[in-house]
$ cat query_11.pdb   # PDB, C-alpha atoms
ATOM      1  CA  MET A   1     152.092 137.658  87.802
ATOM      2  CA  GLY A   2     151.757 134.472  89.841
ATOM      3  CA  GLN A   3     151.606 130.910  88.596
ATOM      4  CA  GLU A   4     148.474 129.572  86.916
ATOM      5  CA  LEU A   5     147.356 126.501  88.834
ATOM      6  CA  LEU A   6     145.898 124.465  85.984
ATOM      7  CA  GLY A   7     143.635 121.486  86.501
ATOM      8  CA  SER A   8     144.369 119.784  83.166
ATOM      9  CA  PRO A   9     147.443 117.762  84.253
ATOM     10  CA  ILE A  10     145.558 116.485  87.303
ATOM     11  CA  ARG A  11     142.560 115.627  85.146
ATOM     12  CA  LYS A  12     144.821 113.675  82.775
ATOM     13  CA  GLU A  13     146.210 111.559  85.610
ATOM     14  CA  LEU A  14     142.774 110.953  87.130
ATOM     15  CA  LEU A  15     141.237 110.066  83.764
ATOM     16  CA  ALA A  16     143.930 107.437  83.161
ATOM     17  CA  LYS A  17     143.344 105.982  86.624
ATOM     18  CA  LEU A  18     139.582 105.772  86.080
ATOM     19  CA  LYS A  19     139.946 104.220  82.614
ATOM     20  CA  ALA A  20     142.131 101.496  84.104
ATOM     21  CA  ARG A  21     139.494 100.855  86.775
ATOM     22  CA  VAL A  22     136.708 100.577  84.159
ATOM     23  CA  GLU A  23     138.746  98.019  82.213
ATOM     24  CA  GLU A  24     139.586  96.053  85.338
ATOM     25  CA  LYS A  25     136.087  94.961  86.350
ATOM     26  CA  PRO A  26     132.376  95.771  85.868
ATOM     27  CA  SER A  27     131.280  99.261  86.793
ATOM     28  CA  PHE A  28     128.310 100.741  88.601
ATOM     29  CA  ILE A  29     125.341 102.272  86.788
ATOM     30  CA  ALA A  30     125.169 106.030  87.331
ATOM     31  CA  HIS A  31     121.715 107.390  88.126
ATOM     32  CA  LEU A  32     121.729 111.049  87.091
ATOM     33  CA  ILE A  33     118.958 112.939  88.865
ATOM     34  CA  TYR A  34     118.450 116.550  87.830
ATOM     35  CA  ASN A  35     115.944 119.334  87.270
ATOM     36  CA  PRO A  36     116.049 120.617  83.665
ATOM     37  CA  SER A  37     114.449 123.855  84.885
ATOM     38  CA  SER A  38     117.531 124.598  87.007
ATOM     39  CA  TYR A  39     120.379 125.922  84.848
ATOM     40  CA  GLU A  40     122.992 124.821  87.379
ATOM     41  CA  SER A  41     121.499 121.341  87.759
ATOM     42  CA  TYR A  42     121.202 120.809  84.002
ATOM     43  CA  SER A  43     124.707 122.131  83.268
ATOM     44  CA  TYR A  44     126.225 119.924  85.959
ATOM     45  CA  ILE A  45     124.503 116.796  84.664
ATOM     46  CA  CYS A  46     125.690 117.500  81.111
ATOM     47  CA  LEU A  47     129.298 117.550  82.322
ATOM     48  CA  ILE A  48     128.827 114.319  84.261
ATOM     49  CA  GLU A  49     127.176 112.645  81.254
ATOM     50  CA  LYS A  50     130.051 113.674  78.979
ATOM     51  CA  ALA A  51     132.616 112.177  81.365
ATOM     52  CA  LEU A  52     130.649 108.932  81.775
ATOM     53  CA  ILE A  53     130.473 108.506  77.997
ATOM     54  CA  LYS A  54     134.218 109.101  77.704
ATOM     55  CA  LEU A  55     134.878 106.440  80.336
ATOM     56  CA  GLY A  56     132.301 103.989  78.982
ATOM     57  CA  ILE A  57     130.252 103.902  82.182
ATOM     58  CA  GLU A  58     126.560 103.021  81.870
ATOM     59  CA  TYR A  59     124.067 105.602  83.100
ATOM     60  CA  VAL A  60     120.388 106.527  83.237
ATOM     61  CA  LYS A  61     118.978 110.059  83.397
ATOM     62  CA  LYS A  62     115.945 111.067  85.406
ATOM     63  CA  GLU A  63     114.371 114.507  85.058
ATOM     64  CA  VAL A  64     112.605 115.710  88.194
ATOM     65  CA  LYS A  65     110.650 118.913  88.672
ATOM     66  CA  GLU A  66     108.718 118.168  91.847
ATOM     67  CA  TYR A  67     109.499 116.595  95.220
ATOM     68  CA  GLU A  68     107.467 113.455  94.516
ATOM     69  CA  GLU A  69     109.363 112.815  91.258
ATOM     70  CA  ALA A  70     112.727 113.255  92.947
ATOM     71  CA  TYR A  71     111.631 111.042  95.846
ATOM     72  CA  GLU A  72     110.665 108.245  93.458
ATOM     73  CA  ALA A  73     113.907 108.562  91.437
ATOM     74  CA  ILE A  74     116.028 108.262  94.570
ATOM     75  CA  LYS A  75     113.905 105.374  95.877
ATOM     76  CA  VAL A  76     114.397 103.419  92.633
ATOM     77  CA  ALA A  77     118.158 104.034  92.689
ATOM     78  CA  ASN A  78     118.441 103.045  96.343
ATOM     79  CA  GLU A  79     116.859  99.680  95.531
ATOM     80  CA  ASP A  80     119.276  98.945  92.657
ATOM     81  CA  ASP A  81     122.424  97.142  93.881
ATOM     82  CA  LYS A  82     124.474  98.474  90.951
ATOM     83  CA  ALA A  83     123.285 102.081  91.151
ATOM     84  CA  MET A  84     125.309 105.072  92.267
ATOM     85  CA  ILE A  85     123.421 108.336  92.707
ATOM     86  CA  PHE A  86     124.545 111.615  91.172
ATOM     87  CA  LEU A  87     122.176 114.304  92.461
ATOM     88  CA  ALA A  88     122.713 117.496  90.479
ATOM     89  CA  ARG A  89     122.110 120.396  92.853
ATOM     90  CA  PRO A  90     120.504 122.802  93.205
ATOM     91  CA  LEU A  91     117.335 120.976  92.206
ATOM     92  CA  LYS A  92     115.329 124.067  93.184
ATOM     93  CA  ILE A  93     112.752 121.802  94.745
ATOM     94  CA  VAL A  94     111.221 122.453  98.163
ATOM     95  CA  ASP A  95     112.683 120.211 100.897
ATOM     96  CA  GLU A  96     115.814 119.387  98.925
ATOM     97  CA  SER A  97     117.587 118.642 102.218
ATOM     98  CA  LEU A  98     115.096 115.846 102.915
ATOM     99  CA  LEU A  99     115.800 114.337  99.510
ATOM    100  CA  ILE A 100     119.543 114.371 100.215
ATOM    101  CA  GLU A 101     119.045 112.509 103.488
ATOM    102  CA  MET A 102     116.947 109.938 101.668
ATOM    103  CA  ILE A 103     119.972 108.856  99.579
ATOM    104  CA  ASP A 104     121.647 105.620 100.668
ATOM    105  CA  PRO A 105     125.038 106.842 102.000
ATOM    106  CA  ASN A 106     126.742 103.984 100.121
ATOM    107  CA  LYS A 107     125.370 105.393  96.845
ATOM    108  CA  ASP A 108     126.008 109.089  97.593
ATOM    109  CA  ALA A 109     128.583 110.042  94.916
ATOM    110  CA  ASP A 110     128.768 113.697  95.961
ATOM    111  CA  MET A 111     129.076 112.805  99.670
ATOM    112  CA  LEU A 112     126.155 115.048 100.687
ATOM    113  CA  THR A 113     124.384 112.954 103.340
ATOM    114  CA  SER A 114     124.835 113.495 107.061
ATOM    115  CA  SER A 115     126.590 110.131 107.226
ATOM    116  CA  SER A 116     129.205 111.200 104.667
ATOM    117  CA  LEU A 117     129.660 114.625 106.247
ATOM    118  CA  GLY A 118     130.023 112.995 109.658
ATOM    119  CA  LYS A 119     132.923 110.876 108.411
ATOM    120  CA  LEU A 120     134.505 113.979 106.915
ATOM    121  CA  VAL A 121     134.146 115.818 110.236
ATOM    122  CA  LYS A 122     136.120 112.965 111.801
ATOM    123  CA  GLY A 123     138.906 113.628 109.292
ATOM    124  CA  ASP A 124     138.335 111.041 106.547
ATOM    125  CA  LEU A 125     139.106 112.914 103.315
ATOM    126  CA  LYS A 126     137.709 110.045 101.237
ATOM    127  CA  TYR A 127     134.325 111.636 101.942
ATOM    128  CA  LEU A 128     134.988 114.970 100.247
ATOM    129  CA  SER A 129     132.418 116.207  97.728
ATOM    130  CA  GLY A 130     133.430 116.405  94.071
ATOM    131  CA  THR A 131     134.507 120.056  94.149
ATOM    132  CA  SER A 132     136.224 119.905  97.530
ATOM    133  CA  SER A 133     138.074 116.755  96.437
ATOM    134  CA  ALA A 134     139.216 118.636  93.320
ATOM    135  CA  VAL A 135     140.626 121.420  95.514
ATOM    136  CA  ASN A 136     142.376 118.849  97.700
ATOM    137  CA  LYS A 137     143.957 117.187  94.659
ATOM    138  CA  LEU A 138     145.078 120.562  93.333
ATOM    139  CA  LEU A 139     146.796 121.417  96.627
ATOM    140  CA  ASP A 140     148.568 118.040  96.547
ATOM    141  CA  TYR A 141     149.636 118.306  92.920
ATOM    142  CA  TYR A 142     151.181 121.759  93.345
ATOM    143  CA  SER A 143     152.718 120.835  96.724
ATOM    144  CA  ILE A 144     150.953 123.679  98.539
ATOM    145  CA  ASP A 145     151.725 123.371 102.248
ATOM    146  CA  CYS A 146     148.738 124.551 104.288
ATOM    147  CA  THR A 147     150.210 123.995 107.742
ATOM    148  CA  GLY A 148     149.935 127.154 109.820
ATOM    149  CA  LYS A 149     148.721 129.182 106.825
ATOM    150  CA  LYS A 150     145.794 131.569 107.105
ATOM    151  CA  ALA A 151     143.075 130.103 104.876
ATOM    152  CA  LEU A 152     139.926 132.048 104.051
ATOM    153  CA  ILE A 153     136.954 130.085 102.738
ATOM    154  CA  VAL A 154     134.386 132.317 101.051
ATOM    155  CA  GLY A 155     131.169 130.272 101.115
ATOM    156  CA  ARG A 156     129.532 127.743 103.441
ATOM    157  CA  SER A 157     127.405 125.356 101.336
ATOM    158  CA  ILE A 158     127.249 121.681 102.341
ATOM    159  CA  SER A 159     128.602 120.647  98.937
ATOM    160  CA  VAL A 160     131.573 123.039  98.657
ATOM    161  CA  GLY A 161     132.331 125.614 101.358
ATOM    162  CA  LEU A 162     131.757 123.409 104.401
ATOM    163  CA  PRO A 163     133.696 120.331 103.184
ATOM    164  CA  ILE A 164     136.556 122.526 101.946
ATOM    165  CA  SER A 165     136.732 124.143 105.389
ATOM    166  CA  LEU A 166     136.931 120.722 107.062
ATOM    167  CA  MET A 167     139.555 119.591 104.564
ATOM    168  CA  MET A 168     141.696 122.677 105.245
ATOM    169  CA  LEU A 169     141.456 122.007 108.994
ATOM    170  CA  LYS A 170     142.729 118.481 108.303
ATOM    171  CA  ARG A 171     145.602 120.064 106.375
ATOM    172  CA  ASN A 172     146.462 122.061 109.509
ATOM    173  CA  ALA A 173     145.519 125.514 108.233
ATOM    174  CA  LEU A 174     144.175 128.360 110.357
ATOM    175  CA  VAL A 175     140.705 128.461 108.855
ATOM    176  CA  LYS A 176     138.229 131.317 108.655
ATOM    177  CA  ILE A 177     134.845 131.064 106.919
ATOM    178  CA  VAL A 178     132.973 134.047 105.519
ATOM    179  CA  HIS A 179     129.889 134.243 103.341
ATOM    180  CA  SER A 180     127.433 136.570 101.610
ATOM    181  CA  ARG A 181     125.859 137.659 104.912
ATOM    182  CA  ILE A 182     129.177 139.197 105.972
ATOM    183  CA  SER A 183     129.909 142.703 104.666
ATOM    184  CA  LYS A 184     132.011 142.911 101.511
ATOM    185  CA  GLU A 185     134.379 145.254 103.317
ATOM    186  CA  GLU A 186     135.027 142.715 106.083
ATOM    187  CA  ILE A 187     135.439 139.849 103.624
ATOM    188  CA  ASP A 188     137.914 141.840 101.560
ATOM    189  CA  SER A 189     139.823 142.813 104.698
ATOM    190  CA  GLU A 190     140.150 139.148 105.685
ATOM    191  CA  ALA A 191     141.205 138.207 102.145
ATOM    192  CA  SER A 192     143.970 140.828 102.148
ATOM    193  CA  GLN A 193     145.540 139.114 105.178
ATOM    194  CA  SER A 194     145.094 135.482 104.072
ATOM    195  CA  ASP A 195     147.725 133.151 102.621
ATOM    196  CA  ILE A 196     145.149 130.971 100.856
ATOM    197  CA  VAL A 197     141.769 132.221  99.621
ATOM    198  CA  ILE A 198     139.179 129.768  98.298
ATOM    199  CA  LEU A 199     136.136 131.229  96.573
ATOM    200  CA  CYS A 200     132.974 129.108  96.613
ATOM    201  CA  ALA A 201     130.088 131.456  97.404
ATOM    202  CA  GLY A 202     128.752 131.634  93.850
ATOM    203  CA  GLN A 203     128.833 135.412  94.075
ATOM    204  CA  ARG A 204     131.252 137.802  92.419
ATOM    205  CA  GLY A 205     132.776 140.894  93.964
ATOM    206  CA  LEU A 206     133.245 139.652  97.512
ATOM    207  CA  VAL A 207     137.046 139.696  97.230
ATOM    208  CA  LYS A 208     139.037 142.496  95.602
ATOM    209  CA  THR A 209     142.324 142.525  97.540
ATOM    210  CA  LEU A 210     144.867 139.702  97.741
ATOM    211  CA  LYS A 211     148.410 139.362  99.053
ATOM    212  CA  GLU A 212     151.130 139.205  96.372
ATOM    213  CA  ASP A 213     152.246 135.784  97.639
ATOM    214  CA  ALA A 214     148.745 134.396  98.235
ATOM    215  CA  ILE A 215     147.175 131.323  96.649
ATOM    216  CA  LEU A 216     143.743 131.968  95.103
ATOM    217  CA  ILE A 217     141.503 128.993  94.303
ATOM    218  CA  ASP A 218     138.312 129.916  92.490
ATOM    219  CA  CYS A 219     135.550 127.274  92.579
ATOM    220  CA  GLY A 220     132.933 129.604  91.109
ATOM    221  CA  TYR A 221     131.448 129.628  87.626
ATOM    222  CA  GLN A 222     129.265 132.506  86.510
ATOM    223  CA  ASP A 223     127.039 132.878  83.451
ATOM    224  CA  ASP A 224     129.827 134.678  81.552
ATOM    225  CA  GLY A 225     132.076 131.621  81.892
ATOM    226  CA  LYS A 226     134.337 133.201  84.503
ATOM    227  CA  GLY A 227     134.702 132.582  88.214
ATOM    228  CA  ASP A 228     133.763 134.335  91.429
ATOM    229  CA  LEU A 229     136.848 136.588  91.438
ATOM    230  CA  GLY A 230     136.117 138.445  88.213
ATOM    231  CA  PHE A 231     139.675 139.641  87.532
ATOM    232  CA  VAL A 232     143.146 138.173  86.949
ATOM    233  CA  PRO A 233     145.145 138.430  90.191
ATOM    234  CA  THR A 234     148.888 138.964  90.461
ATOM    235  CA  CYS A 235     149.266 136.058  92.920
ATOM    236  CA  SER A 236     149.196 132.343  92.044
ATOM    237  CA  TYR A 237     145.654 131.332  91.089
ATOM    238  CA  THR A 238     143.342 128.833  89.430
ATOM    239  CA  PRO A 239     141.938 130.219  86.173
ATOM    240  CA  VAL A 240     138.261 129.848  85.311
ATOM    241  CA  PRO A 241     137.775 127.932  83.151
ATOM    242  CA  GLY A 242     140.722 125.564  83.427
ATOM    243  CA  GLY A 243     141.367 125.303  87.173
ATOM    244  CA  VAL A 244     139.133 123.373  89.569
ATOM    245  CA  GLY A 245     136.476 122.553  86.951
ATOM    246  CA  PRO A 246     138.390 119.949  84.895
ATOM    247  CA  ILE A 247     139.026 117.899  88.033
ATOM    248  CA  THR A 248     135.626 118.097  89.756
ATOM    249  CA  ILE A 249     133.557 115.706  87.628
ATOM    250  CA  LEU A 250     136.226 113.002  87.594
ATOM    251  CA  ALA A 251     136.660 113.393  91.354
ATOM    252  CA  LEU A 252     132.920 112.797  91.669
ATOM    253  CA  ILE A 253     133.172 109.598  89.611
ATOM    254  CA  GLU A 254     136.161 108.536  91.721
ATOM    255  CA  ASN A 255     133.950 108.980  94.795
ATOM    256  CA  ALA A 256     131.359 106.670  93.258
ATOM    257  CA  TYR A 257     133.987 103.996  92.664
ATOM    258  CA  TYR A 258     135.255 104.309  96.232
ATOM    259  CA  LEU A 259     131.768 103.660  97.598
ATOM    260  CA  TYR A 260     130.917 100.968  95.042
ATOM    261  CA  ASP A 261     134.072  98.961  95.667
TER
END

$ encode --input "query_11.pdb" --output "structure tokens"
Amino acid sequence: MGQELLGSPIRKELLAKLKARVEEKPSFIAHLIYNPSSYESYSYICLIEKALIKLGIEYVKKEVKEYEEAYEAIKVANEDDKAMIFLARPLKIVDESLLIEMIDPNKDADMLTSSSLGKLVKGDLKYLSGTSSAVNKLLDYYSIDCTGKKALIVGRSISVGLPISLMMLKRNALVKIVHSRISKEEIDSEASQSDIVILCAGQRGLVKTLKEDAILIDCGYQDDGKGDLGFVPTCSYTPVPGGVGPITILALIENAYYLYD
């Protein structure tokens, strides 16, 4: 069996770094915007809240269920000089993309706006989303060389799949992107030939075959507490829970500090 690529040692280092920053000078105020009717949105905000409490960072929570409520919450945060915006997606609100573009790019902790994505396209990895930043940190920590490697990204969302793809290009990998509209057979065929496979489609069963010497990074989290893979591979892999997850929220807070400073 391959090595477990655990996120806990990375989380420990990042937590210490953030604690030192909090003690150094005044912090931002986190504006947590979420829809309690969306399980994913609510779960995500609970994790962020827990981390903010641990770090001693002030925050306010705003429940939104309709576009107008979300619009007003973002407007208020944009007008607050000390605010950083944590938008917990999916809000499951019509025109969510318009709400994202309404966020002041200098307050966009998850780096979702076109401005942030544009800087990432140009190669600036400081503008990675929380999850994609966590994957980047994991690759660094375990000294995984991506140069010339075949990397398969399973998923294409603006918050995970797309930024991870851009990050892997920056790391000089040969990148292929597949998603749920591609046949499972074709996805599995690509996975069987890839050196690095990153799962971020939010759907299980798309990959069943992996090379013995592959690296599997699972960004998924299903209702049963496991990831998108659904089985323990024989290659090196990130377990779920315990892999990417422990790093993601702190990476998001690190993003907020980068923009706030």

$ closest_residue --input "query_11.pdb" --among "A:Ile196, A:Leu216, A:Val94, A:Ile249" --to "Lys65 of chain A" --atoms "all atoms listed in the file"
A:Val94

$ atom_distance --input "query_11.pdb" --atom1 "atom CA of Tyr42 of chain A" --atom2 "atom CA of Glu66 of chain A"
15.0 Å

$ closest_residue --input "query_11.pdb" --among "A:Asp140, A:Glu69, A:Leu15, A:Lys92" --to "Lys54 of chain A" --atoms "all atoms listed in the file"
A:Leu15

$ resolve_selection --input "query_11.pdb" --expression "the PyMOL selection byres ((chain A and resi 163) around 10)" --output "PDB file with C-alpha atoms, keeping the file's coordinate frame"
ATOM      1  CA  MET A 111     129.076 112.805  99.670  1.00  0.00           C
ATOM      2  CA  LEU A 112     126.155 115.048 100.687  1.00  0.00           C
ATOM      3  CA  LEU A 117     129.660 114.625 106.247  1.00  0.00           C
ATOM      4  CA  LEU A 120     134.505 113.979 106.915  1.00  0.00           C
ATOM      5  CA  VAL A 121     134.146 115.818 110.236  1.00  0.00           C
ATOM      6  CA  LEU A 125     139.106 112.914 103.315  1.00  0.00           C
ATOM      7  CA  TYR A 127     134.325 111.636 101.942  1.00  0.00           C
ATOM      8  CA  LEU A 128     134.988 114.970 100.247  1.00  0.00           C
ATOM      9  CA  SER A 129     132.418 116.207  97.728  1.00  0.00           C
ATOM     10  CA  GLY A 130     133.430 116.405  94.071  1.00  0.00           C
ATOM     11  CA  THR A 131     134.507 120.056  94.149  1.00  0.00           C
ATOM     12  CA  SER A 132     136.224 119.905  97.530  1.00  0.00           C
ATOM     13  CA  SER A 133     138.074 116.755  96.437  1.00  0.00           C
ATOM     14  CA  ARG A 156     129.532 127.743 103.441  1.00  0.00           C
ATOM     15  CA  SER A 157     127.405 125.356 101.336  1.00  0.00           C
ATOM     16  CA  ILE A 158     127.249 121.681 102.341  1.00  0.00           C
ATOM     17  CA  SER A 159     128.602 120.647  98.937  1.00  0.00           C
ATOM     18  CA  VAL A 160     131.573 123.039  98.657  1.00  0.00           C
ATOM     19  CA  GLY A 161     132.331 125.614 101.358  1.00  0.00           C
ATOM     20  CA  LEU A 162     131.757 123.409 104.401  1.00  0.00           C
ATOM     21  CA  ILE A 164     136.556 122.526 101.946  1.00  0.00           C
ATOM     22  CA  SER A 165     136.732 124.143 105.389  1.00  0.00           C
ATOM     23  CA  LEU A 166     136.931 120.722 107.062  1.00  0.00           C
ATOM     24  CA  MET A 167     139.555 119.591 104.564  1.00  0.00           C
ATOM     25  CA  MET A 168     141.696 122.677 105.245  1.00  0.00           C
ATOM     26  CA  LEU A 169     141.456 122.007 108.994  1.00  0.00           C
TER      27      LEU A 169
END

$ residues_around --input "query_11.pdb" --residues "Glu63 of chain A" --least-positions-apart "2" --cutoff "7 Å" --atoms "all atoms listed in the file" --output "list in words"
Ile33, Tyr34, Asn35, Pro36, Lys61 and Lys65 of chain A

$ axis_aligned_box --input "query_11.pdb" --around "segment 4-9 of chain A" --padding-each-side "6 Å" --output "lines of an AutoDock Vina configuration file"
center_x = 146.1
center_y = 123.7
center_z = 86.0
size_x = 16.8
size_y = 23.8
size_z = 17.7

$ residues_around --input "query_11.pdb" --residues "Ile45 of chain A" --least-positions-apart "3" --cutoff "7 Å" --atoms "all atoms listed in the file" --output "PDB file with C-alpha atoms, in the coordinates of the input"
ATOM      1  CA  LEU A  32     121.729 111.049  87.091  1.00  0.00           C
ATOM      2  CA  TYR A  34     118.450 116.550  87.830  1.00  0.00           C
ATOM      3  CA  SER A  41     121.499 121.341  87.759  1.00  0.00           C
ATOM      4  CA  TYR A  42     121.202 120.809  84.002  1.00  0.00           C
ATOM      5  CA  ILE A  48     128.827 114.319  84.261  1.00  0.00           C
ATOM      6  CA  GLU A  49     127.176 112.645  81.254  1.00  0.00           C
ATOM      7  CA  ALA A  88     122.713 117.496  90.479  1.00  0.00           C
TER       8      ALA A  88
END

$ atom_distance --input "query_11.pdb" --atom1 "atom CA of Phe28 of chain A" --atom2 "atom CA of Asp261 of chain A"
9.3 Å

$ atom_distance --input "query_11.pdb" --atom1 "atom CA of Glu68 of chain A" --atom2 "atom CA of Ser115 of chain A"
23.2 Å

$ resolve_selection --input "query_11.pdb" --expression "the PyMOL selection byres ((chain A and resi 192) around 12)" --output "PDB file with C-alpha atoms, in the frame of the given file"
ATOM      1  CA  LYS A 150     145.794 131.569 107.105  1.00  0.00           C
ATOM      2  CA  ALA A 151     143.075 130.103 104.876  1.00  0.00           C
ATOM      3  CA  LEU A 152     139.926 132.048 104.051  1.00  0.00           C
ATOM      4  CA  GLU A 185     134.379 145.254 103.317  1.00  0.00           C
ATOM      5  CA  GLU A 186     135.027 142.715 106.083  1.00  0.00           C
ATOM      6  CA  ILE A 187     135.439 139.849 103.624  1.00  0.00           C
ATOM      7  CA  ASP A 188     137.914 141.840 101.560  1.00  0.00           C
ATOM      8  CA  SER A 189     139.823 142.813 104.698  1.00  0.00           C
ATOM      9  CA  GLU A 190     140.150 139.148 105.685  1.00  0.00           C
ATOM     10  CA  ALA A 191     141.205 138.207 102.145  1.00  0.00           C
ATOM     11  CA  GLN A 193     145.540 139.114 105.178  1.00  0.00           C
ATOM     12  CA  SER A 194     145.094 135.482 104.072  1.00  0.00           C
ATOM     13  CA  ASP A 195     147.725 133.151 102.621  1.00  0.00           C
ATOM     14  CA  ILE A 196     145.149 130.971 100.856  1.00  0.00           C
ATOM     15  CA  VAL A 197     141.769 132.221  99.621  1.00  0.00           C
ATOM     16  CA  LEU A 206     133.245 139.652  97.512  1.00  0.00           C
ATOM     17  CA  VAL A 207     137.046 139.696  97.230  1.00  0.00           C
ATOM     18  CA  LYS A 208     139.037 142.496  95.602  1.00  0.00           C
ATOM     19  CA  THR A 209     142.324 142.525  97.540  1.00  0.00           C
ATOM     20  CA  LEU A 210     144.867 139.702  97.741  1.00  0.00           C
ATOM     21  CA  LYS A 211     148.410 139.362  99.053  1.00  0.00           C
ATOM     22  CA  GLU A 212     151.130 139.205  96.372  1.00  0.00           C
ATOM     23  CA  ASP A 213     152.246 135.784  97.639  1.00  0.00           C
ATOM     24  CA  ALA A 214     148.745 134.396  98.235  1.00  0.00           C
ATOM     25  CA  ILE A 215     147.175 131.323  96.649  1.00  0.00           C
ATOM     26  CA  LEU A 216     143.743 131.968  95.103  1.00  0.00           C
ATOM     27  CA  CYS A 235     149.266 136.058  92.920  1.00  0.00           C
TER      28      CYS A 235
END

$ resolve_selection --input "query_11.pdb" --expression "the PyMOL selection byres ((chain A and resi 27) around 10)" --output "ChimeraX atom specification"
/A:21-26,28-30,56-58,82-84,256-257,260-261

$ closest_residue --input "query_11.pdb" --among "A:Tyr39, A:Phe86, A:Tyr221, A:Tyr142" --to "Asp104 of chain A" --atoms "all atoms listed in the file"
A:Phe86

$ closest_residue --input "query_11.pdb" --among "A:Ile182, A:His31, A:Gln222, A:Asp145" --to "Lys107 of chain A" --atoms "all atoms listed in the file"
A:His31
